[in-house]
Amino acid sequence: MSSSEGAHRRDSRSIPTSTPAPKQQQQQQQQQAKRRYSVFCVFWAVVRALKYPAFALLVPAILNYAALNRENALLQPQDGVQYNIGWNQKIFLQCKGNGTPTVILDAPIGETSDVWQLVQPLVSKHTTVCTYDRAGLGYSDRPYENTTSYAGDSSPAARDRDRTTPYTVERMVDDLNRLLNYASNQPKPLILVSSDFSTVVSRFYTLLYEQDVVGLLLINPMAEKMFTTRAGVWPGYWYRHVVPQVHMVYMSGLLGFNRLGIMLGLIKPAELPRSEEPLPDEVTLRKKHFLCQPKHLSSVVDEYRNVATSMDQLRTLYSVKPFPEHIDITIATYNQPLPDLPPDLQDAWSEGVETLRQVIHPKARHISISAADHTVFYTKPHVIANAIVDMAMRLRRHLISPKA
């Protein structure tokens, strides 16, 4: 074999046999282009098919946002003040009347200070009485998740603030202390009036700041035992039924569906029964406004979601610090069952209240109110106001003549 033949064979062996011909490459590129075009056509067809439903979903949210911006300033109570409690976080407070003790009205869980709209004027005839919105509710700002980061403040006060969790009773009590003692400097002593979950706030506050408080009126209190008694029926019901329902209302409000439902008469805000006295129009409008306000509704969800944590915090504080004996306590209970609430849940709530009355605060006075829930603040404001005024007058006499 000649050297030229050997070289030819080596050259032929070096040619890769798997390399497609130029014509095959062109065909493959055309096929890939066709596949990409087919995918694009399918995607565009889906977009065209969904554009009308997507537009229908966006329109209520956009209209709701525009309406909220217009309503917010118009509906804010003119005699209320948004106080800066630190780091530019504002809490809404509304005070009326004169005299001491100063009565602080704290709304039930997820509610704004408007629930006291008919009660506050009656009490203000006898003493100073204030209502406020907890952080995130009504006209109060949402709490900061991280104060040091948000405000750029690494001071000890900011770091202490961040050790508490937003929407738990520890943070709520810190807010209330800052509101009453630093931002607005309300005269002391205080009577704290609260209902269901907010009774946890007033008891926690009293344990930490007992020098400020002379009396507690706990209306239908949410006792910590209710989350541990009867094999934990309340935690299961709370987190499988109550919290998901509240979250659904929030999502509906975020998408603007709540406003659409109100406009069509399909949704009527709760807690607006036939009242003993006519409710001011702005109260009714504010109720509808907050049912459409995502900021408020998301805070409602957070309050409900953190109830168990708040209960644990209250139990821990009671275990390390005795409750001050000088505090005058009245526990008011409803004598009618809550409609549609299963009997085992009713019993667990009642057992918790009885433990609160008989074991935790055995010296507390007790009154019974003919009602099933806190709509009583609308239907029977005089009953609630009379209980508050009776306590205020009794404690005023004691403050004037301690030995009497």
# chains A, B, ... in the order shown; residues from 1 in each chain; ligands from 1
>>> residues_around(residues="Leu291 in chain A", least_positions_apart="2", cutoff="12 Å", atoms="only C-alpha atoms", output="CSV table (one decimal) with N, CA and C atoms, in the first residue's frame")
chain,number,residue,atom,x,y,z
A,64,ASN,N,-62.5,49.4,43.9
A,64,ASN,CA,-62.5,49.4,45.4
A,64,ASN,C,-61.4,50.2,45.9
A,68,LEU,N,-61.8,53.5,48.3
A,68,LEU,CA,-61.3,53.5,49.7
A,68,LEU,C,-60.5,54.8,49.9
A,110,GLY,N,-61.2,41.8,66.4
A,110,GLY,CA,-61.4,42.2,65.0
A,110,GLY,C,-62.3,43.4,64.8
A,111,GLU,N,-62.7,44.0,65.9
A,111,GLU,CA,-63.7,45.1,65.8
A,111,GLU,C,-63.0,46.5,66.0
A,112,THR,N,-63.6,47.5,65.5
A,112,THR,CA,-63.1,48.9,65.7
A,112,THR,C,-63.8,49.5,66.9
A,137,LEU,N,-56.2,47.9,63.0
A,137,LEU,CA,-57.7,48.0,62.9
A,137,LEU,C,-58.2,49.4,62.7
A,138,GLY,N,-59.3,49.6,62.0
A,138,GLY,CA,-59.8,51.0,61.9
A,138,GLY,C,-58.8,52.0,61.4
A,246,VAL,N,-62.6,34.0,58.4
A,246,VAL,CA,-62.1,35.4,58.4
A,246,VAL,C,-61.2,35.6,57.3
A,248,MET,N,-61.2,34.2,54.4
A,248,MET,CA,-62.0,34.3,53.2
A,248,MET,C,-62.6,35.7,53.0
A,249,VAL,N,-63.0,36.3,54.1
A,249,VAL,CA,-63.6,37.6,54.0
A,249,VAL,C,-62.5,38.6,53.6
A,250,TYR,N,-61.3,38.4,54.1
A,250,TYR,CA,-60.1,39.2,53.7
A,250,TYR,C,-59.8,39.1,52.2
A,251,MET,N,-59.8,37.9,51.7
A,251,MET,CA,-59.5,37.7,50.3
A,251,MET,C,-60.6,38.3,49.4
A,252,SER,N,-61.8,38.2,49.8
A,252,SER,CA,-62.9,38.8,49.1
A,252,SER,C,-62.8,40.3,49.1
A,253,GLY,N,-62.4,40.9,50.2
A,253,GLY,CA,-62.2,42.3,50.3
A,253,GLY,C,-61.1,42.8,49.5
A,254,LEU,N,-60.0,42.0,49.4
A,254,LEU,CA,-58.8,42.4,48.6
A,254,LEU,C,-59.1,42.4,47.2
A,255,LEU,N,-60.0,41.5,46.7
A,255,LEU,CA,-60.4,41.5,45.3
A,255,LEU,C,-61.5,42.5,44.9
A,256,GLY,N,-62.0,43.1,45.9
A,256,GLY,CA,-63.1,44.1,45.7
A,256,GLY,C,-64.5,43.5,45.7
A,257,PHE,N,-64.6,42.2,45.9
A,257,PHE,CA,-65.9,41.5,45.9
A,257,PHE,C,-66.8,41.9,47.0
A,258,ASN,N,-66.2,42.3,48.2
A,258,ASN,CA,-67.1,42.7,49.3
A,258,ASN,C,-67.8,44.0,48.9
A,259,ARG,N,-67.2,44.9,48.3
A,259,ARG,CA,-67.8,46.2,47.9
A,259,ARG,C,-68.9,45.9,46.8
A,260,LEU,N,-68.6,45.0,45.9
A,260,LEU,CA,-69.6,44.7,44.9
A,260,LEU,C,-70.8,44.0,45.5
A,261,GLY,N,-70.5,43.1,46.5
A,261,GLY,CA,-71.6,42.5,47.2
A,261,GLY,C,-72.5,43.4,48.0
A,262,ILE,N,-71.9,44.5,48.6
A,262,ILE,CA,-72.6,45.5,49.3
A,262,ILE,C,-73.5,46.3,48.4
A,267,ILE,N,-74.4,41.4,50.4
A,267,ILE,CA,-73.6,41.4,51.6
A,267,ILE,C,-74.1,42.6,52.5
A,268,LYS,N,-74.4,42.2,53.8
A,268,LYS,CA,-74.7,43.2,54.7
A,268,LYS,C,-73.8,43.1,55.9
A,269,PRO,N,-73.1,44.2,56.3
A,269,PRO,CA,-72.1,44.1,57.4
A,269,PRO,C,-72.7,43.6,58.6
A,270,ALA,N,-72.0,42.7,59.3
A,270,ALA,CA,-72.5,42.2,60.5
A,270,ALA,C,-72.5,43.2,61.6
A,271,GLU,N,-73.0,42.9,62.8
A,271,GLU,CA,-73.0,43.7,64.0
A,271,GLU,C,-73.8,45.0,63.8
A,284,THR,N,-72.5,53.5,60.1
A,284,THR,CA,-72.9,52.5,59.2
A,284,THR,C,-72.0,52.5,57.9
A,285,LEU,N,-71.6,53.7,57.5
A,285,LEU,CA,-70.7,53.8,56.3
A,285,LEU,C,-69.3,53.3,56.6
A,286,ARG,N,-68.9,53.6,57.9
A,286,ARG,CA,-67.5,53.1,58.2
A,286,ARG,C,-67.5,51.6,58.3
A,287,LYS,N,-68.6,51.0,58.8
A,287,LYS,CA,-68.7,49.6,58.9
A,287,LYS,C,-68.5,49.0,57.5
A,288,LYS,N,-69.2,49.5,56.5
A,288,LYS,CA,-69.1,49.0,55.2
A,288,LYS,C,-67.7,49.3,54.6
A,289,HIS,N,-67.2,50.5,54.9
A,289,HIS,CA,-65.8,50.9,54.5
A,289,HIS,C,-64.8,49.9,54.9
A,293,GLN,N,-61.8,47.2,53.3
A,293,GLN,CA,-60.5,47.7,53.5
A,293,GLN,C,-59.5,46.6,53.7
A,294,PRO,N,-58.6,46.2,52.8
A,294,PRO,CA,-57.7,45.1,53.0
A,294,PRO,C,-56.8,45.3,54.2
A,295,LYS,N,-56.3,46.5,54.4
A,295,LYS,CA,-55.4,46.7,55.6
A,295,LYS,C,-56.1,46.3,56.9
A,296,HIS,N,-57.3,46.8,57.0
A,296,HIS,CA,-58.1,46.4,58.2
A,296,HIS,C,-58.3,44.9,58.3
A,297,LEU,N,-58.8,44.3,57.2
A,297,LEU,CA,-59.2,42.9,57.2
A,297,LEU,C,-58.0,42.0,57.4
A,298,SER,N,-56.8,42.4,56.9
A,298,SER,CA,-55.7,41.5,57.1
A,298,SER,C,-55.3,41.6,58.6
A,299,SER,N,-55.5,42.7,59.2
A,299,SER,CA,-55.2,42.8,60.7
A,299,SER,C,-56.2,42.0,61.5
A,300,VAL,N,-57.4,42.0,61.0
A,300,VAL,CA,-58.4,41.1,61.7
A,300,VAL,C,-57.9,39.6,61.6
>>> select_by_dssp(residues="range 249-374 of chain A", states="alpha helix (DSSP H)", output="PyMOL selection string")
chain A and resi 249-254+257-263+281-291+294-305+307-320+343-355
>>> residues_around(residues="Ile91 in chain A", least_positions_apart="5", cutoff="6 Å", atoms="only C-alpha atoms", output="list of chain:residue names")
A:Gln82, A:Tyr83, A:Ser140
>>> closest_atom_pairs(of="range 70-131 of chain A", to="range 151-158 of chain A", cutoff="10 Å", atoms="only C-alpha atoms", output="Markdown table")
| residue | atom | partner | partner_atom | distance |
| --- | --- | --- | --- | --- |
| A:Gly86 | CA | A:Ala158 | CA | 9.2 |
| A:Trp87 | CA | A:Ala151 | CA | 6.0 |
| A:Asn88 | CA | A:Ala151 | CA | 8.3 |
| A:Gln89 | CA | A:Ala151 | CA | 9.9 |
>>> atom_distance(atom1="CA of Gly99 in chain A", atom2="CA of Lys125 in chain A")
9.5 Å
>>> atom_distance(atom1="CA of Thr309 in chain A", atom2="CA of Lys363 in chain A")
27.4 Å
